[in-house]
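J.: Can you read through this structure? Questions will come right after.
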Amino acid sequence: MVNLGFYTTCFTILMLIIMLVYILLAGNKKQLHYVFILIVIEVFIWAGAVISRTLSVGNQPMVVFWENITYIGIGMVPVSLIILAKAYSGKGLTKRYLLLCIIPLITQVMAWTNDLHGFFYEAYAGVNGSLVNVPGIYFYFHAAYSYVCLAAGFIYLGYFAVKSRGLFSTQALLIIIGSIIPFVANICFTLGVDGFDVYSTPIGFGVMLVFYMLAMFRFNLLKVSPIALQTVINRISDSFIVVDMDMNIIEFNKTYVDNFHYFSGLQRGENFYTILREGDRSNLSADQYRELIISASEAGSTLVKDIEVETDGSKQYYTVEFTPIVQWERCSAVILLFKNITQHIKDMIKIQDNQAILLERERLASLGQLIGGIAHNLKTPIMSVAGGIDQVAWLTQEYAASVGDPEVTVEDHAEIAGEMQKWLGRMKIHMGYMSDIISAVKDQATTFTNPDQTWFTLDELLKRVKILMQHEIVKNKCTFKQESQVGSELRIAGDVNSMVQILDNIIVNAIQAYDGQGGDIVLKITREGNTLVMALCDFGKGIDEKVKDRIFKEMVTTKGKHGTGLGLYMSYSTIKGMFRGNMWFESVSGQGTKFYIQLPLLPAEHASEDDQIA
């Protein structure tokens, strides 16, 4: 006889099919998905067998057959619920959970072989699609095992739902209510309570899955494993705390508790403002926290504040982001995210402490590259002057010996004097050259900033660069060419020593771009309005694509241990900061590099009269 339970069970089967299709079509399936699929199939088999058993009334062998089929679902669903709870917790499944399936498998064997031993049912007879039976000894064991598994699965699911979402969260309530329904229905049917029949338990599990389906569709039960998400939140290195607009604590993570362990009474529901007033050790007052929370909520955007915290005898530094949570165009809470920047601050202090040393080291390293050229450049004029002194000394002796000699004519005296003047002239030229070298080196050995030097001429700049770099260029088989379209008397605002070092640094890089094979280095000078543009070009290997975007932004070197990366980094900073100019480059791999320097020219009226006279 077909009753309401029959049609309800048919509807349950339809819902199971819809759920199965939904889960099968879901992308990026995880363990939780597959366990759900298993339970849906088991309940489907259970409900379908109950329907088929009803439709087989009058054919007792078929009724018994379908009765045995129901135990595929009856035996496996309780075990599968434990596996579902484990997958829901996010802790992962192991093979040992397959041991739970041993009893359901034995149940199948006992049910299908009952005619041989009678341990499952001592006797049974079909009445209206049901079985009036006398349970055997194994039936009670099977029933006890199933109830224990059901209870464990439901408790496990409820525990993790409450732990991850809170007792009154919608998802937790759906899971708890859905879990209770089949458990109660099965107990009532087993105890023979009026109104509960063979349809009650599969319908109860169908309703359970409907609640789970609501959690899936509406609250993304299958999208994220809640406990896994909570674990991730607790393990992130940044601290956070969530407060409502009255500064009551809604949520926080373990990292916040660890970093701010000196707070007492840090609990959900407590007032954050009160806790701050009683025990905060940062340089931000409780009132300032409240003002920032209100400002972030009113602005609807993230506000950032740096704070300093005194804890465990040391200072910790944090960047705090106040991010509003907006729902239905209204700010309901604010997230306070604390990013620990202590190491960054310490690194910055260390960099500042060592910056002068680094800059001095780079300057001395640059001078070291010039020592060989300076020594070579000085050797030639010194040898020439020494030779000239010998010649003048010899001529002096010859002239002294000729005094009073009647054979020495006036013309001879004039010739000796002329030779002496010629050698003195040569020595004067060499001495002037040495003086220029010494002046250039002396200036480069001083500090970058020279308040007495406010401008310099293009001619002075090029002369110093040529003196200091000539030997390095020749030694590396390179040629240096100048192509100037402007007058050498143009004046440039700034310190000549700093500009010399910048050009020297770029020339050294150009030399190294040829890898010792030699090549042309060209300095092109043009004028654009009130600015001077210098383009220093080489035709070497070019700059690696990997470092192009970082050349001027950080200390980058492609020379390994032979480079510091400070050269171009500091050159760019000096051009921008000291000269108020600009610096950029163009480079093509295998074709070469062009470094451009744009400098403002000093108008004539800006130079003092003394400077103009000089």
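Convention: chains lettered A, B, ... in structure tokens order; per-chain residue numbering from 1; ligands numbered from 1 as shown.
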Can you pull out every residue within 10 Å of His413 (chain A), counting only C-alpha atoms, but drop anything in the same chain fewer than 3 positions away, and send it as JSON, numbers by chain?
T.: {"A": [398, 399, 402, 403, 408, 409, 410, 416, 417, 418]}
J.: Extract, using only C-alpha atoms, all DNA, RNA and protein residues at most 9 Å from region 18-25 of chain A, discarding same-chain residues fewer than 2 positions from it, and format them as a ChimeraX atom specification.
T.: /A:13-16,27,29,33-34,36-37,40-41,209-210,213,222
J.: Keeping N, CA, C and O atoms for every residue in the selection just given, could you write it to a file as a compact mmCIF listing (two decimals), in the first residue's frame?
T.:
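Contents of again-v4.txt, as written:
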```
# COMPACT_ATOMS: atom_id res chain seq x y z
N ILE A 13 14.63 10.98 -3.38
CA ILE A 13 15.50 10.45 -4.43
C ILE A 13 15.78 11.52 -5.48
O ILE A 13 16.91 11.67 -5.97
N LEU A 14 14.76 12.31 -5.84
CA LEU A 14 14.95 13.39 -6.81
C LEU A 14 15.95 14.42 -6.30
O LEU A 14 16.84 14.87 -7.04
N MET A 15 15.82 14.76 -5.02
CA MET A 15 16.76 15.71 -4.44
C MET A 15 18.18 15.15 -4.42
O MET A 15 19.16 15.86 -4.65
N LEU A 16 18.30 13.86 -4.19
CA LEU A 16 19.62 13.24 -4.20
C LEU A 16 20.25 13.30 -5.59
O LEU A 16 21.45 13.52 -5.73
N GLY A 27 33.87 22.20 -10.06
CA GLY A 27 35.28 22.17 -10.45
C GLY A 27 36.18 22.11 -9.23
O GLY A 27 35.77 22.39 -8.11
N LYS A 29 37.55 19.65 -7.44
CA LYS A 29 37.01 18.84 -6.35
C LYS A 29 38.11 18.43 -5.37
O LYS A 29 39.22 18.13 -5.76
N HIS A 33 34.38 16.78 -1.43
CA HIS A 33 33.44 16.55 -2.53
C HIS A 33 33.19 15.06 -2.74
O HIS A 33 32.04 14.62 -2.88
N TYR A 34 34.26 14.31 -2.76
CA TYR A 34 34.13 12.88 -3.06
C TYR A 34 33.42 12.13 -1.94
O TYR A 34 32.66 11.18 -2.19
N PHE A 36 31.08 13.45 -0.07
CA PHE A 36 29.68 13.80 -0.26
C PHE A 36 29.06 12.95 -1.37
O PHE A 36 27.92 12.48 -1.24
N ILE A 37 29.81 12.80 -2.44
CA ILE A 37 29.30 11.96 -3.53
C ILE A 37 29.02 10.55 -3.02
O ILE A 37 27.98 9.94 -3.34
N VAL A 40 25.80 10.54 -0.85
CA VAL A 40 24.61 10.71 -1.69
C VAL A 40 24.25 9.40 -2.39
O VAL A 40 23.08 8.99 -2.44
N ILE A 41 25.26 8.71 -2.91
CA ILE A 41 25.01 7.43 -3.59
C ILE A 41 24.47 6.39 -2.60
O ILE A 41 23.53 5.63 -2.91
N LEU A 209 20.61 15.75 3.99
CA LEU A 209 21.38 16.18 2.82
C LEU A 209 20.83 17.46 2.21
O LEU A 209 21.57 18.23 1.59
N VAL A 210 19.52 17.70 2.37
CA VAL A 210 18.95 18.98 1.91
C VAL A 210 19.56 20.14 2.71
O VAL A 210 19.94 21.18 2.16
N MET A 213 22.88 20.58 1.55
CA MET A 213 22.86 21.21 0.23
C MET A 213 22.69 22.72 0.36
O MET A 213 23.31 23.50 -0.37
N LEU A 222 31.22 23.40 0.57
CA LEU A 222 32.22 22.62 -0.15
C LEU A 222 33.32 23.48 -0.75
O LEU A 222 34.27 22.95 -1.31
```
J.: Which polymer residues have any atom within 8 Å of an atom of region 522-525 of chain A, counting only C-alpha atoms, with same-chain residues fewer than 2 positions away left out, as a short mmCIF file (atom, residue, chain, number, x, y, z; two decimals) with all heavy atoms, in the first residue's frame?
T.:
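File written: around-v1.cif
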```cif
data_model
loop_
_atom_site.label_atom_id
_atom_site.label_comp_id
_atom_site.auth_asym_id
_atom_site.auth_seq_id
_atom_site.Cartn_x
_atom_site.Cartn_y
_atom_site.Cartn_z
N PHE A 480 88.71 57.09 -27.14
CA PHE A 480 87.72 58.02 -26.59
C PHE A 480 87.56 59.19 -27.55
O PHE A 480 88.54 59.84 -27.91
CB PHE A 480 88.17 58.50 -25.22
CG PHE A 480 87.18 59.40 -24.53
CD1 PHE A 480 85.99 58.91 -24.04
CD2 PHE A 480 87.45 60.76 -24.40
CE1 PHE A 480 85.08 59.75 -23.41
CE2 PHE A 480 86.55 61.61 -23.78
CZ PHE A 480 85.35 61.09 -23.27
N LYS A 481 86.31 59.45 -27.96
CA LYS A 481 86.04 60.53 -28.90
C LYS A 481 85.03 61.49 -28.30
O LYS A 481 84.11 61.09 -27.60
CB LYS A 481 85.48 59.96 -30.21
CG LYS A 481 86.39 58.96 -30.91
CD LYS A 481 85.72 58.39 -32.15
CE LYS A 481 86.60 57.34 -32.84
NZ LYS A 481 85.93 56.77 -34.03
N GLN A 482 85.25 62.78 -28.58
CA GLN A 482 84.32 63.81 -28.15
C GLN A 482 83.69 64.48 -29.35
O GLN A 482 84.38 64.88 -30.29
CB GLN A 482 85.04 64.88 -27.30
CG GLN A 482 85.47 64.39 -25.95
CD GLN A 482 86.15 65.47 -25.13
OE1 GLN A 482 86.83 65.20 -24.17
NE2 GLN A 482 85.96 66.74 -25.53
N GLU A 483 82.36 64.57 -29.33
CA GLU A 483 81.62 65.25 -30.40
C GLU A 483 80.76 66.31 -29.75
O GLU A 483 79.68 66.03 -29.22
CB GLU A 483 80.77 64.25 -31.18
CG GLU A 483 81.57 63.15 -31.86
CD GLU A 483 80.69 62.14 -32.58
OE1 GLU A 483 79.44 62.35 -32.59
OE2 GLU A 483 81.21 61.15 -33.12
N SER A 484 81.26 67.53 -29.74
CA SER A 484 80.57 68.61 -29.04
C SER A 484 80.00 69.63 -30.02
O SER A 484 80.69 70.04 -30.97
CB SER A 484 81.53 69.30 -28.07
OG SER A 484 80.89 70.37 -27.40
N GLN A 485 78.77 70.00 -29.79
CA GLN A 485 78.11 71.02 -30.61
C GLN A 485 77.90 72.31 -29.83
O GLN A 485 77.13 73.16 -30.25
CB GLN A 485 76.76 70.48 -31.11
CG GLN A 485 76.87 69.22 -31.95
CD GLN A 485 75.51 68.69 -32.38
OE1 GLN A 485 74.49 69.36 -32.21
NE2 GLN A 485 75.50 67.50 -32.94
N VAL A 486 78.59 72.45 -28.70
CA VAL A 486 78.44 73.63 -27.87
C VAL A 486 79.83 74.18 -27.53
O VAL A 486 80.83 73.48 -27.66
CB VAL A 486 77.66 73.32 -26.57
CG1 VAL A 486 76.27 72.79 -26.88
CG2 VAL A 486 78.43 72.30 -25.73
N ASP A 520 85.20 51.69 -29.37
CA ASP A 520 85.02 53.14 -29.32
C ASP A 520 84.11 53.54 -28.16
O ASP A 520 83.10 52.88 -27.89
CB ASP A 520 84.42 53.65 -30.63
CG ASP A 520 85.39 53.51 -31.79
OD1 ASP A 520 86.61 53.47 -31.52
OD2 ASP A 520 84.93 53.41 -32.94
N ARG A 527 73.17 70.99 -26.80
CA ARG A 527 72.43 71.92 -25.93
C ARG A 527 70.96 71.89 -26.32
O ARG A 527 70.63 71.97 -27.50
CB ARG A 527 72.99 73.33 -26.06
CG ARG A 527 72.27 74.36 -25.19
CD ARG A 527 72.99 75.68 -25.16
NE ARG A 527 72.32 76.64 -24.30
CZ ARG A 527 72.81 77.82 -23.94
NH1 ARG A 527 74.03 78.18 -24.39
NH2 ARG A 527 72.14 78.63 -23.16
N LEU A 532 72.13 71.24 -20.76
CA LEU A 532 73.21 70.59 -21.49
C LEU A 532 72.96 69.08 -21.44
O LEU A 532 72.69 68.53 -20.36
CB LEU A 532 74.55 70.91 -20.84
CG LEU A 532 75.79 70.35 -21.53
CD1 LEU A 532 76.08 71.14 -22.81
CD2 LEU A 532 77.01 70.43 -20.59
N VAL A 533 73.03 68.42 -22.59
CA VAL A 533 72.80 66.98 -22.66
C VAL A 533 74.08 66.30 -23.10
O VAL A 533 74.63 66.59 -24.17
CB VAL A 533 71.65 66.64 -23.63
CG1 VAL A 533 71.47 65.12 -23.71
CG2 VAL A 533 70.36 67.31 -23.19
N MET A 534 74.57 65.39 -22.25
CA MET A 534 75.75 64.60 -22.58
C MET A 534 75.32 63.15 -22.76
O MET A 534 74.66 62.58 -21.88
CB MET A 534 76.79 64.70 -21.46
CG MET A 534 77.38 66.09 -21.30
SD MET A 534 78.66 66.18 -20.00
CE MET A 534 77.62 66.11 -18.55
N ALA A 535 75.69 62.58 -23.90
CA ALA A 535 75.38 61.18 -24.19
C ALA A 535 76.69 60.41 -24.31
O ALA A 535 77.48 60.67 -25.23
CB ALA A 535 74.56 61.06 -25.46
N LEU A 536 76.93 59.49 -23.39
CA LEU A 536 78.15 58.70 -23.42
C LEU A 536 77.79 57.31 -23.97
O LEU A 536 77.01 56.58 -23.35
CB LEU A 536 78.75 58.58 -22.02
CG LEU A 536 80.28 58.40 -22.02
CD1 LEU A 536 80.87 58.97 -20.74
CD2 LEU A 536 80.67 56.96 -22.18
N CYS A 537 78.37 56.98 -25.15
CA CYS A 537 77.94 55.79 -25.89
C CYS A 537 79.07 54.77 -25.97
O CYS A 537 80.24 55.12 -26.15
CB CYS A 537 77.51 56.17 -27.31
SG CYS A 537 76.51 57.67 -27.43
N ASP A 538 78.68 53.52 -25.84
CA ASP A 538 79.60 52.43 -26.18
C ASP A 538 78.85 51.47 -27.11
O ASP A 538 77.63 51.57 -27.25
CB ASP A 538 80.09 51.69 -24.92
CG ASP A 538 78.99 50.89 -24.24
OD1 ASP A 538 78.53 49.89 -24.80
OD2 ASP A 538 78.60 51.27 -23.10
#
```
J.: So the first atom is CA of Asn530 (chain A) and the second is CA of Leu601 (chain A); what is the distance between them in Å, to one decimal place?
T.: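 These atoms are spaced 5.6 Å apart.
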J.: So the first atom is CA of Gly313 (chain A) and the second is CA of Ser285 (chain A); what is the distance between them in Å, to one decimal place?
T.: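 It comes out at 19.9 Å.
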J.: Skipping near chain neighbours, those fewer than 2 positions away, what residues fall within 12 Å of Phe11 (chain A) using only C-alpha atoms, listed as an mmCIF file with C-alpha atoms, in the first residue's frame?
T.:
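Ended up saving to selection-v5.cif:
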```
data_model
loop_
_atom_site.group_PDB
_atom_site.id
_atom_site.type_symbol
_atom_site.label_atom_id
_atom_site.label_comp_id
_atom_site.auth_asym_id
_atom_site.auth_seq_id
_atom_site.Cartn_x
_atom_site.Cartn_y
_atom_site.Cartn_z
ATOM 1 C CA LEU A 4 2.741 9.649 1.980
ATOM 2 C CA GLY A 5 6.087 8.197 3.056
ATOM 3 C CA PHE A 6 6.397 6.518 -0.353
ATOM 4 C CA TYR A 7 5.979 9.791 -2.250
ATOM 5 C CA THR A 8 8.222 11.646 0.181
ATOM 6 C CA THR A 9 10.906 9.045 -0.391
ATOM 7 C CA ILE A 13 15.501 10.454 -4.431
ATOM 8 C CA LEU A 14 14.952 13.388 -6.813
ATOM 9 C CA MET A 15 16.757 15.707 -4.438
ATOM 10 C CA LEU A 16 19.622 13.237 -4.198
ATOM 11 C CA ILE A 17 19.944 13.156 -7.985
ATOM 12 C CA ILE A 18 20.055 16.976 -8.136
ATOM 13 C CA PHE A 44 20.189 6.965 -2.956
ATOM 14 C CA ALA A 47 15.907 5.066 -0.494
ATOM 15 C CA GLY A 48 15.664 3.339 -3.881
ATOM 16 C CA ILE A 51 10.832 2.112 -2.794
ATOM 17 C CA TYR A 199 10.484 5.355 5.065
ATOM 18 C CA PRO A 202 15.963 7.345 4.490
ATOM 19 C CA ILE A 203 13.702 10.416 4.420
ATOM 20 C CA GLY A 206 17.445 12.921 2.652
ATOM 21 C CA VAL A 207 16.379 15.932 4.741
ATOM 22 C CA VAL A 210 18.951 18.979 1.910
#
```
J.: Can you tell me which residues surround Glu42 (chain A) at a distance of at most 8 Å, considering only C-alpha atoms, apart from same-chain residues fewer than 5 positions away, and format the answer as a PDB file with C-alpha atoms, in the first residue's frame?
T.:
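This is the output file result_11.pdb:
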```pdb
ATOM      1  CA  ILE A  72      24.343  -1.234   1.599  1.00  0.00           C
ATOM      2  CA  GLY A  73      23.191   2.243   2.619  1.00  0.00           C
ATOM      3  CA  MET A  76      27.801   2.431   5.079  1.00  0.00           C
ATOM      4  CA  VAL A  77      26.134   5.788   5.801  1.00  0.00           C
TER       5      VAL A  77
END
```
J.: Near Phe585 (chain A), counting only C-alpha atoms, which residues have an atom at most 6 Å away, once you skip same-chain residues fewer than 2 positions from it, shown as a PyMOL selection string?
T.: chain A and resi 594-596
J.: Out of A:Met247, A:Ala513, A:Ile307, A:Met62, which residue has the shortest atom-to-atom distance to Ile345 (chain A) when counting only C-alpha atoms?
T.: A:Ile307
J.: How far is it from CA of His142 (chain A) to CA of Gly75 (chain A), in Å with one decimal?
T.: 7.9 Å
J.: Apply DSSP to the backbone of this structure and, from region 419-591 of chain A, keep only the residues in alpha helix (DSSP H); write these as number ranges by chain.
T.: A: 419-444, 458-475, 496-512, 566-577
J.: Using only C-alpha atoms, can you tell me which of A:Ser146, A:Ile597, A:Pro135, A:Ala87 comes closest to Ala123 (chain A)?
T.: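 For Ala123 (chain A), the nearest of the given residues is A:Pro135.
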